[in-house]
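Participant: Here it is, the structure in full.
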Amino acid sequence: MRLALAIGIDKYDFAPLKGCVNDATAVANLLRSHGDGSPNFDVRLETNVPRKSNMRRMIRELFSGSHDTALLYYSGHGVFNERGGYLVPSDYRKDDEGIPMNEVLTLANDSATKNKIIILDCCHSGAITVPQLNSAISGHINEGITILTASKQEELAMEAGGKGIFTGLLLEALQGGAADLNGYITPASIYAYIDQVLGPWDQRPVFKNNVSRFTSLRQVRRPIDPAVLRNIARYFDAPDQEKQLYPSYEYSNDPAYKHMLLTPFAQEDLVSIFQELKAMQSVGLVEPVGENHLYWAAMNSKSCRLTPLGAHYWRLAKQRKI
């Protein structure tokens with residue numbers, strides 16, 4: 001079972017927010033299903049949580065039991081003081097700020113669930129990854145835990161247009177921006193996607209994990225047919241081998257087309273291979289040698305080769321992992 005708890009809080013007496021409920025709702029909607037509509041996470045969406053006790057119970061229930069994956073997403077106020085960082089429910093009071101990030105991490109550390117993922121979009125959210133002087137356990141993460149935060153401990157989390165900048169990028173990543181060629185979206189690929197967009201002087205997201213293998217949070221449509229991708233190991237005997245091309249690979253090199261023709265003319269089986277090679281080029285797996293396009297590599301009897309990314313997927317195909 002894959003469980004997710006999405007919390008969004010706008011309602012605060014001391015400083016109301018505008019986009020947190022919408023952000024949590026959008027994240028919850030995406031996590032409920034994969035790109036093809038098939039079920040993904042069993043999501044619980046909670047907005048404007050009125051009391052600290054409510055929030056504590058929700059988070060405890062999420063990490064209780066033994067499941068495959070438990071994911072916590074929080075968007076709201078975050079507070080940091082000499083005692084550490086806090087997630088803030090609507091009943092914030094001075095000296096009673098909310099749920100200590102320490103406590104959230106402890107619940108995840110103690111959970112029997114295989115994969116525990118914590119995503120925080122709030123000010124000072126990076127405090128969950130930093131040991132505090134008054135707690136020996138703060139900052140320590142057990143195996144199976146992944147943490148992704150919108151900012152460092154000392155930073156604010158910015159909004160733009162009534163939306164959190166971090167969650168806006170998170171949503172783009174979950175929609176497919178961070179997908180690999182198999183369509184899988186992992187916490188690491190999400191962090192890489194967000195990190196590339198945010199400049200060095202903006203808020204910096206924090207990524208920390210203790211896992212032996214990344215779990216996919218969502219799967220979307222593959223940018224290349226997996227049957228085509230598997231053929232990469234069929235067309236290249238080794239990852240550093242060049243594949244010789246000829247005019248017979250190009251479908252338009254046929255007497256039926258009225259333009260310059262070169263022998264040997266198009267052959268159906270080679271044309272089929274060439275179409276797949278061009279599909280591989282479109283996603284960065286194959287490149288022509290000595291020409292700008294595969295078309296001219298074929299027409300001028302040049303060759304093509306695997307890119308470093310192509311070599312990676314060649315090995316996966318050889319190992320039957322695609």
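To be explicit about the labels: the chains of the structure tokens are called A, B, and onward in the order shown, and within each one the residues are counted from 1, while ligands get numbers from 1 in the order they are shown.
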Could you pull out the residues in stretch 96-312 of chain A that DSSP calls strand (DSSP E or B) from the backbone, as a PyMOL selection string?
Facilitator: chain A and resi 96+99-100+115-121+145-149+159-160+163-164+184-185+206-210+218-219+242-244+286-289+303-306
Participant: Mind checking which residues fall within 6 Å of stretch 218-222 of chain A, counting only C-alpha atoms, ignoring those fewer than 3 positions away in the same chain, and posting them as a ChimeraX atom specification?
Facilitator: /A:34-35,181-185
Participant: For the residues selected in the previous step, produce a file with C-alpha atoms as a PDB file, in the first residue's frame.
Facilitator:
ATOM      1  CA  HIS A  34      -0.209   7.814 -12.612  1.00  0.00           C
ATOM      2  CA  GLY A  35      -0.068   9.560 -15.966  1.00  0.00           C
ATOM      3  CA  LEU A 181      12.995   7.417 -20.284  1.00  0.00           C
ATOM      4  CA  ASN A 182      10.891   4.759 -18.571  1.00  0.00           C
ATOM      5  CA  GLY A 183       8.501   7.451 -17.343  1.00  0.00           C
ATOM      6  CA  TYR A 184       9.512   7.058 -13.680  1.00  0.00           C
ATOM      7  CA  ILE A 185       9.695  10.116 -11.402  1.00  0.00           C
TER       8      ILE A 185
END
Participant: I want to know what sits within 12 Å of A:Asp237, based on only C-alpha atoms, with residues of the same chain fewer than 5 positions away left out; could you give that as JSON, numbers by chain?
Facilitator: {"A": [231, 232, 242, 243, 305, 306, 311, 314, 315, 317, 318]}
Participant: Can you check which residues of stretch 18-111 of chain A DSSP gives as alpha helix (DSSP H) on the backbone and send them as a ChimeraX atom specification?
Facilitator: /A:20-31,52-63,101-110
Participant: Please write the residues from the selection above to a file, keeping N, CA and C atoms, as an mmCIF file, in the first residue's frame.
Facilitator:
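Written out: out17.cif:
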data_model
loop_
_atom_site.group_PDB
_atom_site.id
_atom_site.type_symbol
_atom_site.label_atom_id
_atom_site.label_comp_id
_atom_site.auth_asym_id
_atom_site.auth_seq_id
_atom_site.Cartn_x
_atom_site.Cartn_y
_atom_site.Cartn_z
ATOM 1 N N CYS A 20 -1.362 27.861 0.004
ATOM 2 C CA CYS A 20 -0.966 26.561 0.549
ATOM 3 C C CYS A 20 -2.042 25.488 0.368
ATOM 4 N N VAL A 21 -3.292 25.856 0.553
ATOM 5 C CA VAL A 21 -4.378 24.894 0.355
ATOM 6 C C VAL A 21 -4.440 24.459 -1.104
ATOM 7 N N ASN A 22 -4.330 25.423 -2.007
ATOM 8 C CA ASN A 22 -4.338 25.077 -3.434
ATOM 9 C C ASN A 22 -3.150 24.189 -3.792
ATOM 10 N N ASP A 23 -1.979 24.485 -3.220
ATOM 11 C CA ASP A 23 -0.789 23.672 -3.505
ATOM 12 C C ASP A 23 -0.970 22.243 -3.013
ATOM 13 N N ALA A 24 -1.455 22.090 -1.786
ATOM 14 C CA ALA A 24 -1.654 20.745 -1.232
ATOM 15 C C ALA A 24 -2.694 19.975 -2.037
ATOM 16 N N THR A 25 -3.734 20.671 -2.472
ATOM 17 C CA THR A 25 -4.777 20.021 -3.269
ATOM 18 C C THR A 25 -4.220 19.547 -4.609
ATOM 19 N N ALA A 26 -3.410 20.379 -5.240
ATOM 20 C CA ALA A 26 -2.830 20.012 -6.537
ATOM 21 C C ALA A 26 -1.879 18.835 -6.397
ATOM 22 N N VAL A 27 -1.063 18.830 -5.351
ATOM 23 C CA VAL A 27 -0.152 17.709 -5.115
ATOM 24 C C VAL A 27 -0.951 16.430 -4.863
ATOM 25 N N ALA A 28 -1.979 16.528 -4.041
ATOM 26 C CA ALA A 28 -2.807 15.358 -3.739
ATOM 27 C C ALA A 28 -3.444 14.789 -5.007
ATOM 28 N N ASN A 29 -3.954 15.653 -5.847
ATOM 29 C CA ASN A 29 -4.599 15.197 -7.084
ATOM 30 C C ASN A 29 -3.623 14.480 -8.004
ATOM 31 N N LEU A 30 -2.405 14.977 -8.088
ATOM 32 C CA LEU A 30 -1.409 14.323 -8.954
ATOM 33 C C LEU A 30 -0.980 12.974 -8.393
ATOM 34 N N LEU A 31 -0.794 12.902 -7.069
ATOM 35 C CA LEU A 31 -0.307 11.667 -6.466
ATOM 36 C C LEU A 31 -1.342 10.539 -6.505
ATOM 37 N N LYS A 52 -2.917 21.667 16.847
ATOM 38 C CA LYS A 52 -1.680 20.896 16.839
ATOM 39 C C LYS A 52 -1.948 19.416 17.073
ATOM 40 N N SER A 53 -2.897 19.115 17.955
ATOM 41 C CA SER A 53 -3.199 17.712 18.256
ATOM 42 C C SER A 53 -3.727 16.987 17.023
ATOM 43 N N ASN A 54 -4.514 17.687 16.199
ATOM 44 C CA ASN A 54 -5.023 17.082 14.961
ATOM 45 C C ASN A 54 -3.869 16.730 14.025
ATOM 46 N N MET A 55 -2.956 17.670 13.847
ATOM 47 C CA MET A 55 -1.853 17.448 12.927
ATOM 48 C C MET A 55 -0.939 16.329 13.419
ATOM 49 N N ARG A 56 -0.695 16.323 14.716
ATOM 50 C CA ARG A 56 0.157 15.266 15.276
ATOM 51 C C ARG A 56 -0.464 13.893 15.035
ATOM 52 N N ARG A 57 -1.763 13.763 15.250
ATOM 53 C CA ARG A 57 -2.444 12.484 15.053
ATOM 54 C C ARG A 57 -2.375 12.046 13.587
ATOM 55 N N MET A 58 -2.590 12.990 12.658
ATOM 56 C CA MET A 58 -2.535 12.657 11.226
ATOM 57 C C MET A 58 -1.163 12.121 10.827
ATOM 58 N N ILE A 59 -0.123 12.795 11.273
ATOM 59 C CA ILE A 59 1.227 12.389 10.897
ATOM 60 C C ILE A 59 1.580 11.051 11.540
ATOM 61 N N ARG A 60 1.148 10.872 12.805
ATOM 62 C CA ARG A 60 1.413 9.597 13.473
ATOM 63 C C ARG A 60 0.714 8.453 12.746
ATOM 64 N N GLU A 61 -0.529 8.665 12.331
ATOM 65 C CA GLU A 61 -1.262 7.623 11.614
ATOM 66 C C GLU A 61 -0.623 7.297 10.274
ATOM 67 N N LEU A 62 -0.089 8.324 9.603
ATOM 68 C CA LEU A 62 0.557 8.091 8.311
ATOM 69 C C LEU A 62 1.721 7.124 8.446
ATOM 70 N N PHE A 63 2.547 7.319 9.469
ATOM 71 C CA PHE A 63 3.764 6.520 9.618
ATOM 72 C C PHE A 63 3.566 5.279 10.477
ATOM 73 N N MET A 101 9.698 19.686 13.917
ATOM 74 C CA MET A 101 10.200 18.886 12.800
ATOM 75 C C MET A 101 10.965 17.676 13.315
ATOM 76 N N ASN A 102 11.607 17.846 14.473
ATOM 77 C CA ASN A 102 12.259 16.737 15.167
ATOM 78 C C ASN A 102 11.319 15.558 15.361
ATOM 79 N N GLU A 103 10.117 15.871 15.793
ATOM 80 C CA GLU A 103 9.122 14.842 16.097
ATOM 81 C C GLU A 103 8.665 14.142 14.821
ATOM 82 N N VAL A 104 8.481 14.902 13.747
ATOM 83 C CA VAL A 104 8.099 14.313 12.459
ATOM 84 C C VAL A 104 9.166 13.325 12.010
ATOM 85 N N LEU A 105 10.431 13.730 12.123
ATOM 86 C CA LEU A 105 11.521 12.857 11.717
ATOM 87 C C LEU A 105 11.597 11.612 12.597
ATOM 88 N N THR A 106 11.345 11.781 13.880
ATOM 89 C CA THR A 106 11.347 10.628 14.781
ATOM 90 C C THR A 106 10.258 9.627 14.410
ATOM 91 N N LEU A 107 9.059 10.123 14.095
ATOM 92 C CA LEU A 107 7.968 9.234 13.678
ATOM 93 C C LEU A 107 8.345 8.458 12.421
ATOM 94 N N ALA A 108 9.010 9.130 11.465
ATOM 95 C CA ALA A 108 9.443 8.455 10.247
ATOM 96 C C ALA A 108 10.555 7.455 10.546
ATOM 97 N N ASN A 109 11.495 7.852 11.418
ATOM 98 C CA ASN A 109 12.594 6.950 11.788
ATOM 99 C C ASN A 109 12.080 5.677 12.436
ATOM 100 N N ASP A 110 11.045 5.801 13.235
ATOM 101 C CA ASP A 110 10.511 4.647 13.979
ATOM 102 C C ASP A 110 9.509 3.824 13.177
#
Participant: Let me make sure I understand: among A:Asp13, A:Asp36, A:Glu159, A:Glu143, which one has the smallest atom-to-atom distance to A:Val88 if we use only C-alpha atoms?
Facilitator: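 Looking at the shortest contact to A:Val88, the residue is A:Asp13.
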Participant: With only C-alpha atoms as the counted atoms, please give the residues lying no more than 9 Å from A:Ile224, apart from itself and same-chain residues fewer than 5 positions off, as a VMD selection string.
Facilitator: chain A and resid 181 to 182 229 279 to 280 282 to 283
Participant: Suppose you want the space between atom CA of A:Arg83 and atom CA of A:Thr129; what is it in Å?
Facilitator: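 Atom CA of A:Thr129 lies 14.1 Å from atom CA of A:Arg83.
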Participant: Would you list the contacts of stretch 165-167 of chain A as a list in words, taking every protein, DNA or RNA residue within 10 Å and counting only C-alpha atoms, but skipping same-chain residues closer than 6 positions in sequence?
Facilitator: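 Contacts, with the query itself left out: Gly19, Cys20, Asp23, Ala24, Ala26, Val27, Tyr73, Ser75, Ile119, Leu120, Asp121, Cys122, Thr149, Ala150, Ser151, Ala157, Met158, Glu159, Ala173, Ile194, Asp195, Val197, Leu198, Gln203, Arg204 and Pro205 of chain A.
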Participant: Residues as selected, C-alpha atoms, written as a short mmCIF file (atom, residue, chain, number, x, y, z; two decimals), in the first residue's frame, can you do that?
Facilitator:
data_model
loop_
_atom_site.label_atom_id
_atom_site.label_comp_id
_atom_site.auth_asym_id
_atom_site.auth_seq_id
_atom_site.Cartn_x
_atom_site.Cartn_y
_atom_site.Cartn_z
CA GLY A 19 -1.69 29.42 -1.85
CA CYS A 20 -0.97 26.56 0.55
CA ASP A 23 -0.79 23.67 -3.50
CA ALA A 24 -1.65 20.74 -1.23
CA ALA A 26 -2.83 20.01 -6.54
CA VAL A 27 -0.15 17.71 -5.12
CA TYR A 73 3.57 16.75 2.00
CA SER A 75 2.56 23.49 2.85
CA ILE A 119 8.29 16.94 1.43
CA LEU A 120 8.06 20.31 3.17
CA ASP A 121 7.21 23.62 1.49
CA CYS A 122 7.56 26.12 4.31
CA THR A 149 12.52 20.69 1.53
CA ALA A 150 11.82 24.04 -0.10
CA SER A 151 14.60 25.92 1.65
CA ALA A 157 10.14 29.82 1.23
CA MET A 158 9.01 32.22 -1.47
CA GLU A 159 5.62 32.59 -3.16
CA ALA A 173 8.28 17.59 -12.03
CA ILE A 194 13.96 21.93 -9.06
CA ASP A 195 17.65 22.57 -8.41
CA VAL A 197 15.58 26.02 -12.11
CA LEU A 198 16.35 27.82 -8.86
CA GLN A 203 16.03 29.83 -1.92
CA ARG A 204 17.88 26.54 -2.08
CA PRO A 205 16.00 23.25 -1.82
#
Participant: With distances taken over only C-alpha atoms, which residue among A:Gln267, A:Pro226, A:His67, A:Ala4 lies nearest A:Tyr313?
Facilitator: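 Nearest to A:Tyr313: A:Pro226.
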